[in-house]
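Peer 1: mmCIF, C-alpha atoms, file target-v5.cif:
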```
data_model
loop_
_atom_site.label_atom_id
_atom_site.label_comp_id
_atom_site.auth_asym_id
_atom_site.auth_seq_id
_atom_site.Cartn_x
_atom_site.Cartn_y
_atom_site.Cartn_z
CA MET K 1 -11.18 -95.77 82.27
CA LYS K 2 -14.19 -93.47 82.62
CA LYS K 3 -11.86 -90.45 82.70
CA ILE K 4 -10.15 -91.61 79.50
CA LEU K 5 -13.52 -91.99 77.73
CA ILE K 6 -14.64 -88.52 78.87
CA LEU K 7 -11.31 -87.04 77.74
CA SER K 8 -11.60 -88.77 74.34
CA LEU K 9 -15.14 -87.49 73.94
CA CYS K 10 -14.05 -83.94 74.77
CA ILE K 11 -11.24 -84.16 72.21
CA SER K 12 -13.68 -85.51 69.60
CA LEU K 13 -16.16 -82.72 70.28
CA SER K 14 -13.38 -80.16 70.09
CA SER K 15 -12.17 -81.60 66.77
CA TYR K 16 -15.73 -81.63 65.42
CA ALA K 17 -16.14 -77.97 66.42
CA GLN K 18 -12.88 -77.09 64.62
CA VAL K 19 -13.91 -79.01 61.49
CA LYS K 20 -17.33 -77.35 61.56
CA GLU K 21 -15.72 -73.92 61.93
CA THR K 22 -13.27 -74.63 59.08
CA LEU K 23 -16.11 -75.84 56.86
CA ALA K 24 -18.12 -72.73 57.66
CA GLN K 25 -15.14 -70.54 56.76
CA LYS K 26 -14.69 -72.38 53.44
CA LEU K 27 -18.37 -72.02 52.62
CA SER K 28 -18.19 -68.34 53.46
CA ARG K 29 -15.18 -67.86 51.17
CA LEU K 30 -16.92 -69.78 48.38
CA SER K 31 -20.01 -67.63 48.79
CA THR K 32 -17.88 -64.49 48.59
CA GLN K 33 -16.17 -65.74 45.42
CA LEU K 34 -19.51 -66.51 43.77
CA SER K 35 -21.05 -63.26 44.83
CA GLY K 36 -18.26 -61.12 43.38
CA VAL K 37 -18.86 -57.61 44.59
CA GLY K 38 -21.61 -58.52 46.96
CA VAL K 39 -23.82 -59.89 44.20
CA GLY K 40 -25.44 -63.26 44.90
CA GLY K 41 -26.16 -66.01 42.39
CA VAL K 42 -29.86 -65.23 42.38
CA ASP K 43 -29.10 -61.56 41.72
CA ILE K 44 -26.78 -62.38 38.82
CA ALA K 45 -29.35 -64.59 37.13
CA SER K 46 -32.15 -62.08 37.78
CA GLY K 47 -30.02 -59.20 36.51
CA LEU K 48 -29.14 -60.99 33.27
CA LYS K 49 -32.77 -61.95 32.75
CA GLU K 50 -33.80 -58.34 33.27
CA ALA K 51 -31.15 -57.16 30.80
CA LEU K 52 -32.34 -59.62 28.14
CA ASN K 53 -35.98 -58.75 28.76
CA LYS K 54 -35.04 -55.09 28.38
CA GLY K 55 -33.45 -55.85 25.01
CA ILE K 56 -36.51 -57.79 23.91
CA THR K 57 -38.95 -55.11 25.10
CA GLU K 58 -37.08 -52.05 23.88
CA GLN K 59 -35.47 -53.31 20.67
CA VAL K 60 -37.40 -56.29 19.29
CA SER K 61 -40.72 -54.50 19.79
CA LYS K 62 -39.45 -51.70 17.54
CA LEU K 63 -38.99 -54.18 14.72
CA THR K 64 -42.68 -55.12 14.78
CA ALA K 65 -43.78 -51.58 13.91
CA VAL K 66 -44.40 -50.44 10.34
CA ASP K 67 -40.96 -49.66 8.90
CA GLY K 68 -39.31 -51.36 11.90
CA PHE K 69 -37.08 -53.21 9.44
CA TYR K 70 -37.55 -51.12 6.30
CA ARG K 71 -36.38 -47.79 7.80
CA ASN K 72 -33.67 -49.29 10.02
CA GLU K 73 -30.48 -49.48 7.96
CA ALA K 74 -28.88 -51.84 10.51
CA VAL K 75 -31.41 -54.60 9.81
CA LYS K 76 -33.15 -53.63 6.57
CA ILE K 77 -33.64 -56.68 4.35
CA LEU K 78 -32.23 -56.14 0.87
CA MET K 79 -32.42 -58.34 -2.21
CA PRO K 80 -30.71 -61.70 -1.70
CA PRO K 81 -27.31 -61.91 -3.45
CA GLU K 82 -28.66 -64.13 -6.24
CA LEU K 83 -31.34 -61.52 -6.98
CA GLN K 84 -29.15 -58.42 -6.98
CA LYS K 85 -28.84 -58.80 -10.75
CA VAL K 86 -32.64 -58.81 -10.88
CA ASP K 87 -32.72 -55.55 -8.93
CA ALA K 88 -30.09 -53.94 -11.16
CA THR K 89 -31.78 -55.11 -14.37
CA LEU K 90 -35.24 -53.87 -13.34
CA ARG K 91 -33.82 -50.44 -12.54
CA LYS K 92 -32.02 -50.30 -15.87
CA ILE K 93 -35.25 -50.87 -17.78
CA GLY K 94 -37.20 -48.25 -15.81
CA LEU K 95 -38.84 -50.51 -13.23
CA SER K 96 -37.18 -49.05 -10.12
CA SER K 97 -40.52 -48.69 -8.33
CA LEU K 98 -41.21 -52.40 -8.80
CA ALA K 99 -37.76 -53.25 -7.39
CA ASP K 100 -38.39 -50.92 -4.43
CA ASP K 101 -41.76 -52.58 -3.79
CA GLY K 102 -40.06 -55.98 -3.81
CA ILE K 103 -37.68 -54.91 -1.04
CA LYS K 104 -40.42 -53.20 0.95
CA VAL K 105 -42.69 -56.24 1.08
CA LEU K 106 -39.83 -58.47 2.28
CA ASN K 107 -39.39 -56.10 5.21
CA ARG K 108 -43.14 -55.89 5.84
CA ALA K 109 -43.30 -59.68 6.12
CA ALA K 110 -40.39 -59.66 8.60
CA GLU K 111 -42.08 -56.96 10.70
CA ASP K 112 -45.20 -59.08 10.84
CA ALA K 113 -43.36 -62.29 11.78
CA VAL K 114 -41.27 -60.82 14.62
CA LYS K 115 -44.45 -60.44 16.69
CA GLU K 116 -44.27 -64.21 17.17
CA ALA K 117 -40.81 -64.09 18.77
CA THR K 118 -41.52 -62.78 22.26
CA PRO K 119 -43.03 -65.93 23.85
CA ILE K 120 -40.06 -68.02 22.65
CA PHE K 121 -37.61 -65.48 24.05
CA VAL K 122 -39.44 -65.34 27.38
CA SER K 123 -39.21 -69.13 27.72
CA ALA K 124 -35.46 -69.15 26.98
CA VAL K 125 -34.76 -66.33 29.44
CA LYS K 126 -36.82 -68.04 32.14
CA ASN K 127 -34.74 -71.24 31.79
CA MET K 128 -31.37 -69.52 32.24
CA SER K 129 -29.29 -71.18 34.98
CA PHE K 130 -26.92 -69.50 37.44
CA THR K 131 -23.94 -71.02 35.59
CA ASP K 132 -25.25 -69.60 32.31
CA ALA K 133 -25.73 -66.20 33.94
CA LYS K 134 -22.26 -66.12 35.52
CA ASN K 135 -20.57 -67.03 32.22
CA ILE K 136 -22.67 -64.48 30.33
CA LEU K 137 -21.99 -61.69 32.80
CA LEU K 138 -18.24 -62.17 32.56
CA GLY K 139 -18.33 -62.87 28.81
CA ASN K 140 -17.95 -60.52 25.84
CA GLU K 141 -20.27 -57.63 25.00
CA SER K 142 -22.78 -59.87 23.18
CA ALA K 143 -22.57 -62.99 25.39
CA ALA K 144 -26.20 -62.73 26.49
CA THR K 145 -27.39 -62.33 22.91
CA THR K 146 -25.28 -65.32 21.84
CA TYR K 147 -26.84 -67.38 24.64
CA LEU K 148 -30.32 -66.34 23.57
CA GLN K 149 -29.57 -67.08 19.93
CA GLY K 150 -28.20 -70.54 20.73
CA ASN K 151 -31.28 -71.40 22.76
CA THR K 152 -33.97 -69.96 20.49
CA ASN K 153 -32.78 -69.92 16.87
CA THR K 154 -34.19 -73.34 15.89
CA ALA K 155 -37.54 -72.70 17.58
CA LEU K 156 -37.74 -69.20 16.11
CA TYR K 157 -37.04 -70.44 12.58
CA ALA K 158 -39.79 -73.05 12.92
CA LYS K 159 -42.15 -70.33 14.16
CA PHE K 160 -41.09 -67.59 11.73
CA ASN K 161 -41.04 -69.60 8.52
CA PRO K 162 -44.78 -70.33 8.24
CA VAL K 163 -45.58 -66.84 9.53
CA ILE K 164 -43.37 -65.28 6.85
CA LYS K 165 -45.14 -67.41 4.26
CA THR K 166 -48.54 -66.22 5.51
CA SER K 167 -47.25 -62.66 5.82
CA PHE K 168 -46.22 -62.68 2.15
CA GLU K 169 -49.87 -63.15 1.27
CA LYS K 170 -51.04 -60.73 3.96
CA VAL K 171 -48.81 -57.83 2.81
CA GLY K 172 -49.08 -58.69 -0.89
CA ALA K 173 -45.48 -59.83 -1.22
CA ASP K 174 -46.45 -62.95 -3.14
CA VAL K 175 -48.16 -60.87 -5.86
CA VAL K 176 -45.35 -58.29 -6.03
CA TRP K 177 -42.64 -60.92 -6.28
CA LYS K 178 -44.54 -63.02 -8.79
CA ASN K 179 -44.72 -59.88 -10.92
CA ILE K 180 -41.00 -59.16 -10.41
CA ILE K 181 -39.89 -62.70 -11.27
CA ASN K 182 -42.21 -62.90 -14.28
CA LYS K 183 -41.00 -59.51 -15.60
CA TYR K 184 -37.38 -60.46 -15.15
CA ASN K 185 -37.71 -63.92 -16.67
CA THR K 186 -39.22 -62.43 -19.84
CA ILE K 187 -36.15 -60.26 -20.45
CA PRO K 188 -34.14 -61.73 -23.36
CA LEU K 189 -30.91 -63.59 -22.55
CA VAL K 190 -31.29 -63.51 -18.73
CA LYS K 191 -30.96 -66.67 -16.68
CA LYS K 192 -34.37 -67.47 -15.19
CA VAL K 193 -34.69 -67.28 -11.39
CA ASN K 194 -37.02 -68.83 -8.85
CA PRO K 195 -35.65 -68.05 -5.36
CA ASP K 196 -36.90 -69.35 -2.00
CA LEU K 197 -37.79 -65.96 -0.57
CA THR K 198 -39.54 -67.42 2.48
CA ASP K 199 -36.33 -69.06 3.72
CA TYR K 200 -34.25 -65.98 2.89
CA THR K 201 -36.60 -63.55 4.64
CA THR K 202 -36.91 -65.83 7.68
CA ASN K 203 -33.14 -65.93 8.16
CA GLN K 204 -32.78 -62.19 7.58
CA ALA K 205 -35.55 -61.45 10.09
CA LEU K 206 -33.83 -63.63 12.70
CA ALA K 207 -30.49 -61.93 12.06
CA GLY K 208 -32.15 -58.53 12.52
CA VAL K 209 -33.78 -59.56 15.80
CA PHE K 210 -30.51 -60.70 17.37
CA LYS K 211 -28.64 -57.70 16.03
CA MET K 212 -31.00 -55.33 17.84
CA ILE K 213 -30.87 -57.32 21.09
CA ALA K 214 -27.06 -57.12 20.89
CA VAL K 215 -27.32 -53.33 20.55
CA GLU K 216 -29.25 -53.12 23.82
CA GLU K 217 -26.92 -55.56 25.59
CA LYS K 218 -23.83 -53.57 24.58
CA ASP K 219 -25.48 -50.38 25.80
CA ILE K 220 -26.20 -51.89 29.23
CA ARG K 221 -22.66 -53.25 29.50
CA THR K 222 -20.88 -50.05 28.49
CA ASN K 223 -23.25 -47.26 29.52
CA ILE K 224 -24.02 -46.94 33.22
CA ASN K 225 -27.02 -44.71 32.42
CA ALA K 226 -28.62 -47.58 30.48
CA ARG K 227 -28.81 -49.61 33.70
CA THR K 228 -32.23 -48.38 34.55
CA SER K 229 -32.89 -50.36 37.73
CA PRO K 230 -31.01 -50.94 41.01
CA LEU K 231 -30.61 -54.62 40.09
CA LEU K 232 -29.00 -53.86 36.72
CA LYS K 233 -26.64 -51.37 38.40
CA LYS K 234 -25.71 -53.89 41.09
CA VAL K 235 -25.14 -56.85 38.79
CA PHE K 236 -23.27 -55.08 35.99
CA ALA K 237 -20.96 -53.38 38.49
CA MET K 238 -19.45 -56.87 38.86
CA GLN K 239 -18.80 -56.99 35.13
CA ASP K 240 -17.14 -53.57 35.26
CA LYS K 241 -14.56 -54.90 37.71
CA LYS K 242 -13.75 -58.17 35.94
#
```
I'd like the structure from this file rewritten - as structure tokens, please.
Peer 2:
Amino acid sequence: MKKILILSLCISLSSYAQVKETLAQKLSRLSTQLSGVGVGGVDIASGLKEALNKGITEQVSKLTAVDGFYRNEAVKILMPPELQKVDATLRKIGLSSLADDGIKVLNRAAEDAVKEATPIFVSAVKNMSFTDAKNILLGNESAATTYLQGNTNTALYAKFNPVIKTSFEKVGADVVWKNIINKYNTIPLVKKVNPDLTDYTTNQALAGVFKMIAVEEKDIRTNINARTSPLLKKVFAMQDKK
């Protein structure tokens, strides 16, 4: 009886050892699958965060400079569609400089407001999960920007809108546009206008911010030389082989 118990125990221990070994092998395979080309989950998340921070630092910061929007044709804020007739009419009656000033102050307000974006971006990047990072890395060329936009757009609008309103006063946009609207509305036979320029400029500023982050993201994804750190090189090598 004692021999049978000892034999049973030995068999149980042997089976446990086999199960443990099999489980270890499965975990090892799973780890390899997650790590891709030797890149761990922590590395992937850190690499994506670094890439987004690079886009924020190198591209969004440019937009905060004088002419950051106004001299950048990719994001320059033009007259809203409903005011394009205002622009055309002012130029026809010799008030091109007033129309130009109207466009310039919209861009100045956007440049001023974008300074408020960085803390919101930093918070969103910090909260990125490994699952988010993995999906972003293997996503399209603007997947990281899309993630950032989805996680910050509402907060950014709430932050930008009052800043744009204040910036209008700060850069003199309120005076310029009051003059433009008053001039236009006194022209015979035109339909009077009273646009919400704060909302329009807020949305255009947000669109410009994400457009420039997407530019940096695409560069990192497609240009090996733009991967300026060992971590970026390591992580985006996985994307290259997808």
Peer 1: Give me the result of the PyMOL selection byres ((chain K and resi 50) around 12) on this file, residue by residue, as number ranges by chain.
Peer 2: K: 43-49, 51-58, 122, 125-126, 128, 133, 144, 216-217, 220, 227-233, 235-236
Peer 1: Nearest to K:Gly150 among K:Asp174, K:Val163, K:Phe121, K:Pro81, with distances taken over only C-alpha atoms: which residue is it?
Peer 2: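 Looking at the shortest contact to K:Gly150, the residue is K:Phe121.
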Peer 1: So how far away is atom CA of K:Leu156 from atom CA of K:Phe69, in Å?
Peer 2: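 Straight-line distance from atom CA of K:Phe69 to atom CA of K:Leu156 works out to 17.3 Å.
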Peer 1: When you look at stretch 184-199 of chain K with a cut-off of 7 Å (counting only C-alpha atoms), what residues show up, excluding the ones that are within fewer than 6 positions of it in the same chain? I need them as a PDB file with C-alpha atoms, in the frame of the given file.
Peer 2:
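Saved the output as out.pdb:
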```
ATOM      1  CA  VAL K  86     -32.640 -58.810 -10.880  1.00  0.00           C
ATOM      2  CA  ASN K 161     -41.040 -69.600   8.520  1.00  0.00           C
ATOM      3  CA  ILE K 164     -43.370 -65.280   6.850  1.00  0.00           C
ATOM      4  CA  LYS K 165     -45.140 -67.410   4.260  1.00  0.00           C
TER       5      LYS K 165
END
```
Peer 1: Between atom CA of K:Asn151 and atom CA of K:Arg108, what is the spacing in Å?
Peer 2: 25.8 Å
Peer 1: Interatomic distance between atom CA of K:Asp67 and atom CA of K:Gly94?
Peer 2: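 Interatomic distance, atom CA of K:Asp67 to atom CA of K:Gly94: 25.0 Å.
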Peer 1: Between K:Tyr70, K:Leu148, K:Ile136, K:Ala99, which one has atoms that come closest to K:Lys85, using only C-alpha atoms?
Peer 2: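 Going through K:Tyr70, K:Leu148, K:Ile136, K:Ala99 one by one, the smallest distance to K:Lys85 is for K:Ala99.
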Peer 1: Kindly indicate which residue among K:Ser97, K:Gln239, K:Ala109, K:Ser142 lies nearest to K:Met212, using all atoms listed in the file for the distances.
Peer 2: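 For K:Met212, the nearest of the given residues is K:Ser142.
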Peer 1: With all atoms listed in the file as the atoms that count, which of K:Lys234, K:Lys241, K:Lys178, K:Lys170 lies nearest to K:Ala113?
Peer 2: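 Nearest candidate to K:Ala113 out of K:Lys234, K:Lys241, K:Lys178, K:Lys170: K:Lys170.
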Peer 1: List, as a list in words, every residue that the PyMOL selection byres ((chain K and resi 63) around 9) selects in the file provided.
Peer 2: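 Applied to this file, the PyMOL selection byres ((chain K and resi 63) around 9) returns Gln59, Val60, Ser61, Lys62, Thr64, Ala65, Val66, Asp67, Gly68, Phe69, Asn72, Ala110, Glu111, Asp112, Val114, Lys115, Gly208, Val209 and Met212 of chain K.
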Peer 1: Only C-alpha atoms, please: the residues just picked out, written as an mmCIF file, keeping the file's coordinate frame.
Peer 2:
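Output file out.cif follows:
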```cif
data_model
loop_
_atom_site.group_PDB
_atom_site.id
_atom_site.type_symbol
_atom_site.label_atom_id
_atom_site.label_comp_id
_atom_site.auth_asym_id
_atom_site.auth_seq_id
_atom_site.Cartn_x
_atom_site.Cartn_y
_atom_site.Cartn_z
ATOM 1 C CA GLN K 59 -35.470 -53.310 20.670
ATOM 2 C CA VAL K 60 -37.400 -56.290 19.290
ATOM 3 C CA SER K 61 -40.720 -54.500 19.790
ATOM 4 C CA LYS K 62 -39.450 -51.700 17.540
ATOM 5 C CA THR K 64 -42.680 -55.120 14.780
ATOM 6 C CA ALA K 65 -43.780 -51.580 13.910
ATOM 7 C CA VAL K 66 -44.400 -50.440 10.340
ATOM 8 C CA ASP K 67 -40.960 -49.660 8.900
ATOM 9 C CA GLY K 68 -39.310 -51.360 11.900
ATOM 10 C CA PHE K 69 -37.080 -53.210 9.440
ATOM 11 C CA ASN K 72 -33.670 -49.290 10.020
ATOM 12 C CA ALA K 110 -40.390 -59.660 8.600
ATOM 13 C CA GLU K 111 -42.080 -56.960 10.700
ATOM 14 C CA ASP K 112 -45.200 -59.080 10.840
ATOM 15 C CA VAL K 114 -41.270 -60.820 14.620
ATOM 16 C CA LYS K 115 -44.450 -60.440 16.690
ATOM 17 C CA GLY K 208 -32.150 -58.530 12.520
ATOM 18 C CA VAL K 209 -33.780 -59.560 15.800
ATOM 19 C CA MET K 212 -31.000 -55.330 17.840
#
```
